[in-house]
file entry.pdb (PDB, C-alpha atoms)
ATOM      1  CA  MET A  29       0.000   0.000   0.000  1.00  0.00           C
ATOM      2  CA  ASP A  30       1.275   3.469  -0.803  1.00  0.00           C
ATOM      3  CA  ASP A  31       1.282   6.286   1.793  1.00  0.00           C
ATOM      4  CA  ALA A  32      -1.903   7.904   0.442  1.00  0.00           C
ATOM      5  CA  THR A  33      -3.821   4.614   0.586  1.00  0.00           C
ATOM      6  CA  ILE A  34      -2.559   3.914   4.118  1.00  0.00           C
ATOM      7  CA  LYS A  35      -3.701   7.385   5.188  1.00  0.00           C
ATOM      8  CA  VAL A  36      -7.242   6.745   3.869  1.00  0.00           C
ATOM      9  CA  TRP A  37      -7.301   3.254   5.420  1.00  0.00           C
ATOM     10  CA  ARG A  38      -6.162   4.634   8.801  1.00  0.00           C
ATOM     11  CA  ALA A  39      -8.824   7.364   8.731  1.00  0.00           C
ATOM     12  CA  ALA A  40     -11.563   4.755   8.202  1.00  0.00           C
ATOM     13  CA  LEU A  41     -10.114   2.494  10.915  1.00  0.00           C
ATOM     14  CA  ARG A  42      -9.882   5.456  13.308  1.00  0.00           C
ATOM     15  CA  GLN A  43     -13.588   6.244  12.829  1.00  0.00           C
ATOM     16  CA  GLU A  44     -14.565   2.603  13.357  1.00  0.00           C
ATOM     17  CA  LEU A  45     -12.498   2.285  16.544  1.00  0.00           C
ATOM     18  CA  LEU A  46     -13.772   5.586  17.959  1.00  0.00           C
ATOM     19  CA  ALA A  47     -17.364   4.456  17.351  1.00  0.00           C
ATOM     20  CA  ARG A  48     -16.663   1.155  19.148  1.00  0.00           C
ATOM     21  CA  ARG A  49     -15.108   2.924  22.122  1.00  0.00           C
ATOM     22  CA  GLN A  50     -17.850   5.497  22.448  1.00  0.00           C
ATOM     23  CA  ALA A  51     -20.501   2.748  22.331  1.00  0.00           C
ATOM     24  CA  VAL A  52     -19.152   1.121  25.523  1.00  0.00           C
ATOM     25  CA  SER A  53     -21.679   1.241  28.354  1.00  0.00           C
ATOM     26  CA  ALA A  54     -20.949   3.319  31.446  1.00  0.00           C
ATOM     27  CA  ALA A  55     -20.920   0.140  33.548  1.00  0.00           C
ATOM     28  CA  ASP A  56     -18.369  -1.620  31.316  1.00  0.00           C
ATOM     29  CA  ARG A  57     -16.250   1.534  31.103  1.00  0.00           C
ATOM     30  CA  ALA A  58     -16.153   1.766  34.915  1.00  0.00           C
ATOM     31  CA  LEU A  59     -15.129  -1.908  35.242  1.00  0.00           C
ATOM     32  CA  TRP A  60     -12.469  -1.636  32.543  1.00  0.00           C
ATOM     33  CA  ASN A  61     -11.086   1.616  33.954  1.00  0.00           C
ATOM     34  CA  ALA A  62     -10.768   0.013  37.389  1.00  0.00           C
ATOM     35  CA  ALA A  63      -8.953  -3.010  35.899  1.00  0.00           C
ATOM     36  CA  ILE A  64      -6.528  -0.859  33.885  1.00  0.00           C
ATOM     37  CA  THR A  65      -5.850   1.320  36.934  1.00  0.00           C
ATOM     38  CA  ARG A  66      -5.073  -1.805  38.979  1.00  0.00           C
ATOM     39  CA  HIS A  67      -2.707  -3.120  36.259  1.00  0.00           C
ATOM     40  CA  LEU A  68      -0.862   0.216  36.108  1.00  0.00           C
ATOM     41  CA  VAL A  69      -0.508   0.468  39.893  1.00  0.00           C
ATOM     42  CA  ASP A  70       0.569  -3.157  40.363  1.00  0.00           C
ATOM     43  CA  GLY A  71       2.661  -3.472  37.200  1.00  0.00           C
ATOM     44  CA  PHE A  72       4.613  -0.207  37.190  1.00  0.00           C
ATOM     45  CA  PRO A  73       5.711   0.625  40.770  1.00  0.00           C
ATOM     46  CA  GLN A  74       8.679   2.579  39.342  1.00  0.00           C
ATOM     47  CA  LEU A  75       6.262   5.318  38.219  1.00  0.00           C
ATOM     48  CA  ALA A  76       6.051   6.471  41.856  1.00  0.00           C
ATOM     49  CA  SER A  77       9.488   8.069  41.511  1.00  0.00           C
ATOM     50  CA  MET A  78       9.078   9.538  38.039  1.00  0.00           C
ATOM     51  CA  ALA A  79       7.685  12.545  36.202  1.00  0.00           C
ATOM     52  CA  ILE A  80       4.663  11.065  34.430  1.00  0.00           C
ATOM     53  CA  GLY A  81       3.007  12.601  31.396  1.00  0.00           C
ATOM     54  CA  ILE A  82      -0.666  11.686  31.300  1.00  0.00           C
ATOM     55  CA  TYR A  83      -3.632  13.105  29.349  1.00  0.00           C
ATOM     56  CA  TRP A  84      -7.110  14.452  30.004  1.00  0.00           C
ATOM     57  CA  PRO A  85      -9.606  11.747  28.917  1.00  0.00           C
ATOM     58  CA  TYR A  86     -11.382  12.497  25.639  1.00  0.00           C
ATOM     59  CA  LYS A  87     -13.997  10.647  23.588  1.00  0.00           C
ATOM     60  CA  GLY A  88     -14.369   7.689  25.931  1.00  0.00           C
ATOM     61  CA  GLU A  89     -10.667   7.125  26.649  1.00  0.00           C
ATOM     62  CA  PHE A  90      -9.424   5.421  29.798  1.00  0.00           C
ATOM     63  CA  ASP A  91      -9.118   7.985  32.604  1.00  0.00           C
ATOM     64  CA  PRO A  92      -5.511   7.920  33.909  1.00  0.00           C
ATOM     65  CA  ARG A  93      -6.128  10.375  36.752  1.00  0.00           C
ATOM     66  CA  HIS A  94      -7.049   7.610  39.214  1.00  0.00           C
ATOM     67  CA  ALA A  95      -3.786   5.727  38.650  1.00  0.00           C
ATOM     68  CA  VAL A  96      -1.716   8.907  38.781  1.00  0.00           C
ATOM     69  CA  ARG A  97      -3.313   9.812  42.126  1.00  0.00           C
ATOM     70  CA  HIS A  98      -1.739   6.631  43.530  1.00  0.00           C
ATOM     71  CA  PHE A  99       1.697   7.482  42.074  1.00  0.00           C
ATOM     72  CA  ARG A 100       1.528  11.131  43.188  1.00  0.00           C
ATOM     73  CA  ALA A 101       0.824  10.014  46.749  1.00  0.00           C
ATOM     74  CA  ARG A 102       4.132   8.120  46.618  1.00  0.00           C
ATOM     75  CA  GLY A 103       6.258  10.927  45.201  1.00  0.00           C
ATOM     76  CA  ALA A 104       5.615  11.112  41.447  1.00  0.00           C
ATOM     77  CA  THR A 105       4.985  14.351  39.626  1.00  0.00           C
ATOM     78  CA  SER A 106       2.388  14.489  36.881  1.00  0.00           C
ATOM     79  CA  ALA A 107       1.947  16.617  33.811  1.00  0.00           C
ATOM     80  CA  LEU A 108      -0.628  17.142  31.084  1.00  0.00           C
ATOM     81  CA  PRO A 109       0.155  17.737  27.409  1.00  0.00           C
ATOM     82  CA  GLU A 110      -0.301  20.994  25.601  1.00  0.00           C
ATOM     83  CA  VAL A 111      -0.350  21.414  21.833  1.00  0.00           C
ATOM     84  CA  VAL A 112       1.919  24.367  21.083  1.00  0.00           C
ATOM     85  CA  GLN A 113       1.760  24.195  17.310  1.00  0.00           C
ATOM     86  CA  LYS A 114       0.762  21.881  14.485  1.00  0.00           C
ATOM     87  CA  ALA A 115       3.324  19.233  13.489  1.00  0.00           C
ATOM     88  CA  ALA A 116       5.400  19.764  16.655  1.00  0.00           C
ATOM     89  CA  PRO A 117       6.045  17.724  19.814  1.00  0.00           C
ATOM     90  CA  LEU A 118       3.742  18.218  22.764  1.00  0.00           C
ATOM     91  CA  GLN A 119       4.953  20.148  25.778  1.00  0.00           C
ATOM     92  CA  PHE A 120       3.915  18.999  29.222  1.00  0.00           C
ATOM     93  CA  ARG A 121       2.841  21.250  32.077  1.00  0.00           C
ATOM     94  CA  SER A 122       2.825  20.243  35.724  1.00  0.00           C
ATOM     95  CA  TRP A 123      -0.639  19.119  36.833  1.00  0.00           C
ATOM     96  CA  TRP A 124      -2.266  18.209  40.130  1.00  0.00           C
ATOM     97  CA  PRO A 125      -5.928  18.043  41.181  1.00  0.00           C
ATOM     98  CA  GLY A 126      -7.290  21.547  41.686  1.00  0.00           C
ATOM     99  CA  VAL A 127      -4.691  23.400  39.579  1.00  0.00           C
ATOM    100  CA  ALA A 128      -6.037  26.242  37.425  1.00  0.00           C
ATOM    101  CA  MET A 129      -6.905  24.993  33.946  1.00  0.00           C
ATOM    102  CA  ALA A 130      -7.460  26.616  30.556  1.00  0.00           C
ATOM    103  CA  ARG A 131      -9.075  25.275  27.394  1.00  0.00           C
ATOM    104  CA  GLY A 132      -6.597  23.939  24.868  1.00  0.00           C
ATOM    105  CA  VAL A 133      -6.943  22.413  21.409  1.00  0.00           C
ATOM    106  CA  TYR A 134     -10.277  20.559  20.976  1.00  0.00           C
ATOM    107  CA  ASP A 135     -11.361  22.255  24.247  1.00  0.00           C
ATOM    108  CA  ILE A 136      -9.270  19.738  26.213  1.00  0.00           C
ATOM    109  CA  PRO A 137      -8.186  21.259  29.562  1.00  0.00           C
ATOM    110  CA  VAL A 138      -4.509  22.121  30.071  1.00  0.00           C
ATOM    111  CA  PRO A 139      -2.826  23.485  33.206  1.00  0.00           C
ATOM    112  CA  HIS A 140      -2.669  27.263  33.168  1.00  0.00           C
ATOM    113  CA  GLY A 141       0.770  28.751  33.835  1.00  0.00           C
ATOM    114  CA  THR A 142       2.369  25.791  35.604  1.00  0.00           C
ATOM    115  CA  ASP A 143       5.999  24.743  35.065  1.00  0.00           C
ATOM    116  CA  LEU A 144       7.068  22.771  32.024  1.00  0.00           C
ATOM    117  CA  VAL A 145       8.020  19.154  32.776  1.00  0.00           C
ATOM    118  CA  GLN A 146      10.034  16.649  30.753  1.00  0.00           C
ATOM    119  CA  PRO A 147       8.281  13.319  31.349  1.00  0.00           C
ATOM    120  CA  GLN A 148      10.278  10.224  32.195  1.00  0.00           C
ATOM    121  CA  ALA A 149       7.205   8.117  31.418  1.00  0.00           C
ATOM    122  CA  LEU A 150       4.204   8.733  29.200  1.00  0.00           C
ATOM    123  CA  ILE A 151       0.816   7.128  29.713  1.00  0.00           C
ATOM    124  CA  MET A 152      -0.689   7.502  26.239  1.00  0.00           C
ATOM    125  CA  PRO A 153      -4.177   6.916  24.806  1.00  0.00           C
ATOM    126  CA  PRO A 154      -4.201   5.089  21.479  1.00  0.00           C
ATOM    127  CA  VAL A 155      -7.368   4.994  19.400  1.00  0.00           C
ATOM    128  CA  GLY A 156      -6.025   1.659  18.173  1.00  0.00           C
ATOM    129  CA  PHE A 157      -2.922  -0.457  18.826  1.00  0.00           C
ATOM    130  CA  ASP A 158      -1.225  -3.565  17.533  1.00  0.00           C
ATOM    131  CA  ALA A 159       0.912  -6.299  19.109  1.00  0.00           C
ATOM    132  CA  LYS A 160       4.140  -4.541  18.110  1.00  0.00           C
ATOM    133  CA  GLY A 161       3.159  -1.511  20.181  1.00  0.00           C
ATOM    134  CA  PHE A 162       2.321   0.843  17.357  1.00  0.00           C
ATOM    135  CA  ARG A 163      -0.541   3.206  18.074  1.00  0.00           C
ATOM    136  CA  LEU A 164      -3.150   4.784  15.915  1.00  0.00           C
ATOM    137  CA  GLY A 165      -3.955   8.192  17.335  1.00  0.00           C
ATOM    138  CA  TYR A 166      -6.144  11.029  16.127  1.00  0.00           C
ATOM    139  CA  GLY A 167      -3.879  11.714  13.155  1.00  0.00           C
ATOM    140  CA  GLY A 168      -1.797  14.682  14.292  1.00  0.00           C
ATOM    141  CA  GLY A 169       1.390  12.713  15.040  1.00  0.00           C
ATOM    142  CA  PHE A 170       1.916  14.589  18.317  1.00  0.00           C
ATOM    143  CA  TYR A 171       2.925  11.587  20.439  1.00  0.00           C
ATOM    144  CA  ASP A 172       5.255  10.198  17.760  1.00  0.00           C
ATOM    145  CA  ARG A 173       7.011  13.572  17.544  1.00  0.00           C
ATOM    146  CA  THR A 174       7.123  13.839  21.336  1.00  0.00           C
ATOM    147  CA  LEU A 175       8.719  10.401  21.755  1.00  0.00           C
ATOM    148  CA  ALA A 176      11.266  11.260  19.068  1.00  0.00           C
ATOM    149  CA  SER A 177      12.141  14.587  20.716  1.00  0.00           C
ATOM    150  CA  ILE A 178      12.880  13.510  24.312  1.00  0.00           C
ATOM    151  CA  THR A 179      16.279  12.086  25.277  1.00  0.00           C
ATOM    152  CA  PRO A 180      16.379   9.659  26.913  1.00  0.00           C
ATOM    153  CA  CYS A 181      13.127   8.417  25.422  1.00  0.00           C
ATOM    154  CA  PRO A 182      10.438   8.144  28.102  1.00  0.00           C
ATOM    155  CA  LEU A 183       8.885   4.842  29.088  1.00  0.00           C
ATOM    156  CA  ALA A 184       5.888   4.703  26.717  1.00  0.00           C
ATOM    157  CA  ILE A 185       2.812   2.997  28.140  1.00  0.00           C
ATOM    158  CA  GLY A 186      -0.311   2.814  26.005  1.00  0.00           C
ATOM    159  CA  VAL A 187      -3.634   2.384  27.790  1.00  0.00           C
ATOM    160  CA  ALA A 188      -6.688   1.217  25.860  1.00  0.00           C
ATOM    161  CA  TYR A 189      -9.583  -1.185  25.882  1.00  0.00           C
ATOM    162  CA  GLU A 190      -9.212  -4.573  24.189  1.00  0.00           C
ATOM    163  CA  LEU A 191     -11.755  -3.499  21.583  1.00  0.00           C
ATOM    164  CA  SER A 192      -9.069  -1.109  20.260  1.00  0.00           C
ATOM    165  CA  ARG A 193      -6.692  -3.956  19.348  1.00  0.00           C
ATOM    166  CA  VAL A 194      -6.035  -4.446  15.613  1.00  0.00           C
ATOM    167  CA  ASP A 195      -3.776  -6.831  13.691  1.00  0.00           C
ATOM    168  CA  SER A 196      -1.599  -3.974  12.450  1.00  0.00           C
ATOM    169  CA  ILE A 197      -1.862  -0.223  12.139  1.00  0.00           C
ATOM    170  CA  ARG A 198       0.453  -0.531   9.116  1.00  0.00           C
ATOM    171  CA  PRO A 199       3.180   1.573  10.731  1.00  0.00           C
ATOM    172  CA  GLN A 200       5.086   4.087   8.679  1.00  0.00           C
ATOM    173  CA  ALA A 201       8.648   5.330   9.161  1.00  0.00           C
ATOM    174  CA  PHE A 202       7.597   8.129  11.535  1.00  0.00           C
ATOM    175  CA  ASP A 203       5.539   5.885  13.852  1.00  0.00           C
ATOM    176  CA  ARG A 204       7.093   5.162  17.263  1.00  0.00           C
ATOM    177  CA  ALA A 205       6.231   1.980  19.132  1.00  0.00           C
ATOM    178  CA  MET A 206       5.106   2.013  22.743  1.00  0.00           C
ATOM    179  CA  ASP A 207       6.972  -0.138  25.279  1.00  0.00           C
ATOM    180  CA  TYR A 208       3.819  -1.610  26.815  1.00  0.00           C
ATOM    181  CA  VAL A 209       0.099  -1.661  26.203  1.00  0.00           C
ATOM    182  CA  VAL A 210      -2.197  -2.018  29.207  1.00  0.00           C
ATOM    183  CA  THR A 211      -5.811  -3.079  28.735  1.00  0.00           C
ATOM    184  CA  GLU A 212      -8.521  -4.358  31.035  1.00  0.00           C
ATOM    185  CA  ARG A 213      -7.104  -7.862  30.443  1.00  0.00           C
ATOM    186  CA  GLY A 214      -3.505  -7.211  31.399  1.00  0.00           C
ATOM    187  CA  ILE A 215      -0.100  -5.755  30.572  1.00  0.00           C
ATOM    188  CA  TYR A 216       1.458  -6.530  27.193  1.00  0.00           C
ATOM    189  CA  PRO A 217       5.154  -5.845  26.580  1.00  0.00           C
ATOM    190  CA  THR A 218       5.569  -4.959  22.932  1.00  0.00           C
ATOM    191  CA  ALA A 219       9.151  -6.067  22.428  1.00  0.00           C
ATOM    192  CA  PRO A 220      11.067  -9.040  23.801  1.00  0.00           C
ATOM    193  CA  PRO A 221      13.246  -8.188  26.829  1.00  0.00           C
ATOM    194  CA  ALA A 222      16.839  -7.294  25.918  1.00  0.00           C
TER     195      ALA A 222
END
call {"tool": "encode", "arguments": {"input": "entry.pdb", "output": "structure tokens"}}
result
Amino acid sequence: MDDATIKVWRAALRQELLARRQAVSAADRALWNAAITRHLVDGFPQLASMAIGIYWPYKGEFDPRHAVRHFRARGATSALPEVVQKAAPLQFRSWWPGVAMARGVYDIPVPHGTDLVQPQALIMPPVGFDAKGFRLGYGGGFYDRTLASITPCPLAIGVAYELSRVDSIRPQAFDRAMDYVVTERGIYPTAPPA
């Protein structure tokens, strides 16, 4: 498939996966969110000593704020992403419950005037993911650019529901794989241990 065909295919897949996710009942979403939170807390104790980039949940995504509350209580710092310009990496601003917020791109809240943070770990929301850890996002490439711009590269943890799993997102040269994907069923490393 050429790049133009892959782009069209990904757009159709994105719409299908978003529709699936938004059709999840409130009861199932609550159960799955609790399971993913438990997997994050039990499976990644090292996050308690790190600067963690999370996200504000959007369009039925897993809500990472419950897991980050656990890590913050043990010493972690947390930050939310801010789009600063098109086709650029995200910047992350320090976030904690109750901090002043402003409306960012797509009306997603971002911390207002807090310090910039370079995350050591990113908890990221794929629209879709495959077994190799490649994520299908909303199409802006922000997380791929962010992962490519931070040295050392942060621990990249995707969080999604099993219904977002696909055989392949047909990764392109610019796509960056996540290190792990966490779903309601468990934690999946995406590459064999070194």
call {"tool": "closest_residue", "arguments": {"input": "entry.pdb", "among": "A:Leu164, A:Ala149, A:Leu41, A:Ala176", "to": "Pro199 of chain A", "atoms": "only C-alpha atoms"}}
result
A:Leu164
call {"tool": "resolve_selection", "arguments": {"input": "entry.pdb", "expression": "the PyMOL selection byres ((chain A and resi 118-125) around 10)", "output": "PyMOL selection string"}}
result
chain A and resi 79-83+93+96-97+100+105-117+126-129+138-147+169-175+177
call {"tool": "closest_residue", "arguments": {"input": "entry.pdb", "among": "A:Val187, A:Ala47, A:Ala32, A:Val209", "to": "Thr65 of chain A", "atoms": "only C-alpha atoms"}}
result
A:Val187
call {"tool": "atom_distance", "arguments": {"input": "entry.pdb", "atom1": "atom CA of Gly186 of chain A", "atom2": "atom CA of Thr211 of chain A"}}
result
8.5 Å
call {"tool": "residues_around", "arguments": {"input": "entry.pdb", "residues": "segment 165-168 of chain A", "least_positions_apart": "6", "cutoff": "8 Å", "atoms": "all atoms listed in the file", "output": "number ranges by chain"}}
result
A: 39, 42, 114-115, 153-156
call {"tool": "closest_residue", "arguments": {"input": "entry.pdb", "among": "A:Ala95, A:Ile136, A:Met78, A:Leu46", "to": "Tyr189 of chain A", "atoms": "all atoms listed in the file"}}
result
A:Leu46
call {"tool": "atom_distance", "arguments": {"input": "entry.pdb", "atom1": "atom CA of Arg163 of chain A", "atom2": "atom CA of Arg38 of chain A"}}
result
10.9 Å
call {"tool": "resolve_selection", "arguments": {"input": "entry.pdb", "expression": "the PyMOL selection byres ((chain A and resi 73) around 12)", "output": "PDB file with C-alpha atoms, in the coordinates of the input"}}
result
ATOM      1  CA  ARG A  66      -5.073  -1.805  38.979  1.00  0.00           C
ATOM      2  CA  HIS A  67      -2.707  -3.120  36.259  1.00  0.00           C
ATOM      3  CA  LEU A  68      -0.862   0.216  36.108  1.00  0.00           C
ATOM      4  CA  VAL A  69      -0.508   0.468  39.893  1.00  0.00           C
ATOM      5  CA  ASP A  70       0.569  -3.157  40.363  1.00  0.00           C
ATOM      6  CA  GLY A  71       2.661  -3.472  37.200  1.00  0.00           C
ATOM      7  CA  PHE A  72       4.613  -0.207  37.190  1.00  0.00           C
ATOM      8  CA  GLN A  74       8.679   2.579  39.342  1.00  0.00           C
ATOM      9  CA  LEU A  75       6.262   5.318  38.219  1.00  0.00           C
ATOM     10  CA  ALA A  76       6.051   6.471  41.856  1.00  0.00           C
ATOM     11  CA  SER A  77       9.488   8.069  41.511  1.00  0.00           C
ATOM     12  CA  MET A  78       9.078   9.538  38.039  1.00  0.00           C
ATOM     13  CA  ALA A  95      -3.786   5.727  38.650  1.00  0.00           C
ATOM     14  CA  VAL A  96      -1.716   8.907  38.781  1.00  0.00           C
ATOM     15  CA  HIS A  98      -1.739   6.631  43.530  1.00  0.00           C
ATOM     16  CA  PHE A  99       1.697   7.482  42.074  1.00  0.00           C
ATOM     17  CA  ARG A 100       1.528  11.131  43.188  1.00  0.00           C
ATOM     18  CA  ARG A 102       4.132   8.120  46.618  1.00  0.00           C
ATOM     19  CA  GLY A 103       6.258  10.927  45.201  1.00  0.00           C
ATOM     20  CA  ALA A 104       5.615  11.112  41.447  1.00  0.00           C
TER      21      ALA A 104
END
call {"tool": "residues_around", "arguments": {"input": "entry.pdb", "residues": "Tyr216 of chain A", "least_positions_apart": "3", "cutoff": "10 Å", "atoms": "only C-alpha atoms", "output": "compact mmCIF listing (two decimals) with C-alpha atoms, in the frame of the given file"}}
result
# COMPACT_ATOMS: atom_id res chain seq x y z
CA ALA A 159 0.91 -6.30 19.11
CA LYS A 160 4.14 -4.54 18.11
CA GLY A 161 3.16 -1.51 20.18
CA ILE A 185 2.81 3.00 28.14
CA GLY A 186 -0.31 2.81 26.00
CA ASP A 207 6.97 -0.14 25.28
CA TYR A 208 3.82 -1.61 26.82
CA VAL A 209 0.10 -1.66 26.20
CA VAL A 210 -2.20 -2.02 29.21
CA THR A 211 -5.81 -3.08 28.74
CA ARG A 213 -7.10 -7.86 30.44
CA ALA A 219 9.15 -6.07 22.43
call {"tool": "residues_around", "arguments": {"input": "entry.pdb", "residues": "segment 50-64 of chain A", "least_positions_apart": "6", "cutoff": "6 Å", "atoms": "only C-alpha atoms", "output": "list of chain:residue names"}}
result
A:Gly88, A:Phe90, A:Thr211, A:Glu212
call {"tool": "write_last_selection", "arguments": {"input": "entry.pdb", "atoms": "C-alpha atoms", "output": "CSV table (one decimal), in the frame of the given file"}}
result
chain,number,residue,atom,x,y,z
A,88,GLY,CA,-14.4,7.7,25.9
A,90,PHE,CA,-9.4,5.4,29.8
A,211,THR,CA,-5.8,-3.1,28.7
A,212,GLU,CA,-8.5,-4.4,31.0
call {"tool": "residues_near_point", "arguments": {"input": "entry.pdb", "point": "(-12.6, -0.8, 18.7)", "cutoff": "6 Å", "atoms": "all atoms listed in the file", "output": "PyMOL selection string"}}
result
chain A and resi 45+48-49+191-192
call {"tool": "residues_around", "arguments": {"input": "entry.pdb", "residues": "Phe162 of chain A", "least_positions_apart": "6", "cutoff": "7 Å", "atoms": "all atoms listed in the file", "output": "ChimeraX atom specification"}}
result
/A:197,199,203-206
call {"tool": "atom_distance", "arguments": {"input": "entry.pdb", "atom1": "atom CA of Glu89 of chain A", "atom2": "atom CA of Arg131 of chain A"}}
result
18.2 Å
call {"tool": "closest_residue", "arguments": {"input": "entry.pdb", "among": "A:Phe157, A:Phe202, A:Tyr134, A:Trp37", "to": "Tyr86 of chain A", "atoms": "all atoms listed in the file"}}
result
A:Tyr134
call {"tool": "axis_aligned_box", "arguments": {"input": "entry.pdb", "around": "segment 31-35 of chain A", "padding_each_side": "6 Å", "output": "JSON"}}
result
{"center_x": -1.3, "center_y": 5.9, "center_z": 2.8, "size_x": 17.1, "size_y": 16.0, "size_z": 16.7}
call {"tool": "closest_residue", "arguments": {"input": "entry.pdb", "among": "A:Asp135, A:Ala188, A:Asp91, A:Leu183", "to": "Ile215 of chain A", "atoms": "all atoms listed in the file"}}
result
A:Ala188
call {"tool": "decode", "arguments": {"input": "entry.pdb", "residues": "segment 35-79 of chain A", "atoms": "C-alpha atoms", "output": "CSV table (one decimal), in the first residue's frame"}}
result
chain,number,residue,atom,x,y,z
A,35,LYS,CA,-3.7,7.4,5.2
A,36,VAL,CA,-7.2,6.7,3.9
A,37,TRP,CA,-7.3,3.3,5.4
A,38,ARG,CA,-6.2,4.6,8.8
A,39,ALA,CA,-8.8,7.4,8.7
A,40,ALA,CA,-11.6,4.8,8.2
A,41,LEU,CA,-10.1,2.5,10.9
A,42,ARG,CA,-9.9,5.5,13.3
A,43,GLN,CA,-13.6,6.2,12.8
A,44,GLU,CA,-14.6,2.6,13.4
A,45,LEU,CA,-12.5,2.3,16.5
A,46,LEU,CA,-13.8,5.6,18.0
A,47,ALA,CA,-17.4,4.5,17.4
A,48,ARG,CA,-16.7,1.2,19.1
A,49,ARG,CA,-15.1,2.9,22.1
A,50,GLN,CA,-17.8,5.5,22.4
A,51,ALA,CA,-20.5,2.7,22.3
A,52,VAL,CA,-19.2,1.1,25.5
A,53,SER,CA,-21.7,1.2,28.4
A,54,ALA,CA,-20.9,3.3,31.4
A,55,ALA,CA,-20.9,0.1,33.5
A,56,ASP,CA,-18.4,-1.6,31.3
A,57,ARG,CA,-16.3,1.5,31.1
A,58,ALA,CA,-16.2,1.8,34.9
A,59,LEU,CA,-15.1,-1.9,35.2
A,60,TRP,CA,-12.5,-1.6,32.5
A,61,ASN,CA,-11.1,1.6,34.0
A,62,ALA,CA,-10.8,0.0,37.4
A,63,ALA,CA,-9.0,-3.0,35.9
A,64,ILE,CA,-6.5,-0.9,33.9
A,65,THR,CA,-5.9,1.3,36.9
A,66,ARG,CA,-5.1,-1.8,39.0
A,67,HIS,CA,-2.7,-3.1,36.3
A,68,LEU,CA,-0.9,0.2,36.1
A,69,VAL,CA,-0.5,0.5,39.9
A,70,ASP,CA,0.6,-3.2,40.4
A,71,GLY,CA,2.7,-3.5,37.2
A,72,PHE,CA,4.6,-0.2,37.2
A,73,PRO,CA,5.7,0.6,40.8
A,74,GLN,CA,8.7,2.6,39.3
A,75,LEU,CA,6.3,5.3,38.2
A,76,ALA,CA,6.1,6.5,41.9
A,77,SER,CA,9.5,8.1,41.5
A,78,MET,CA,9.1,9.5,38.0
A,79,ALA,CA,7.7,12.5,36.2
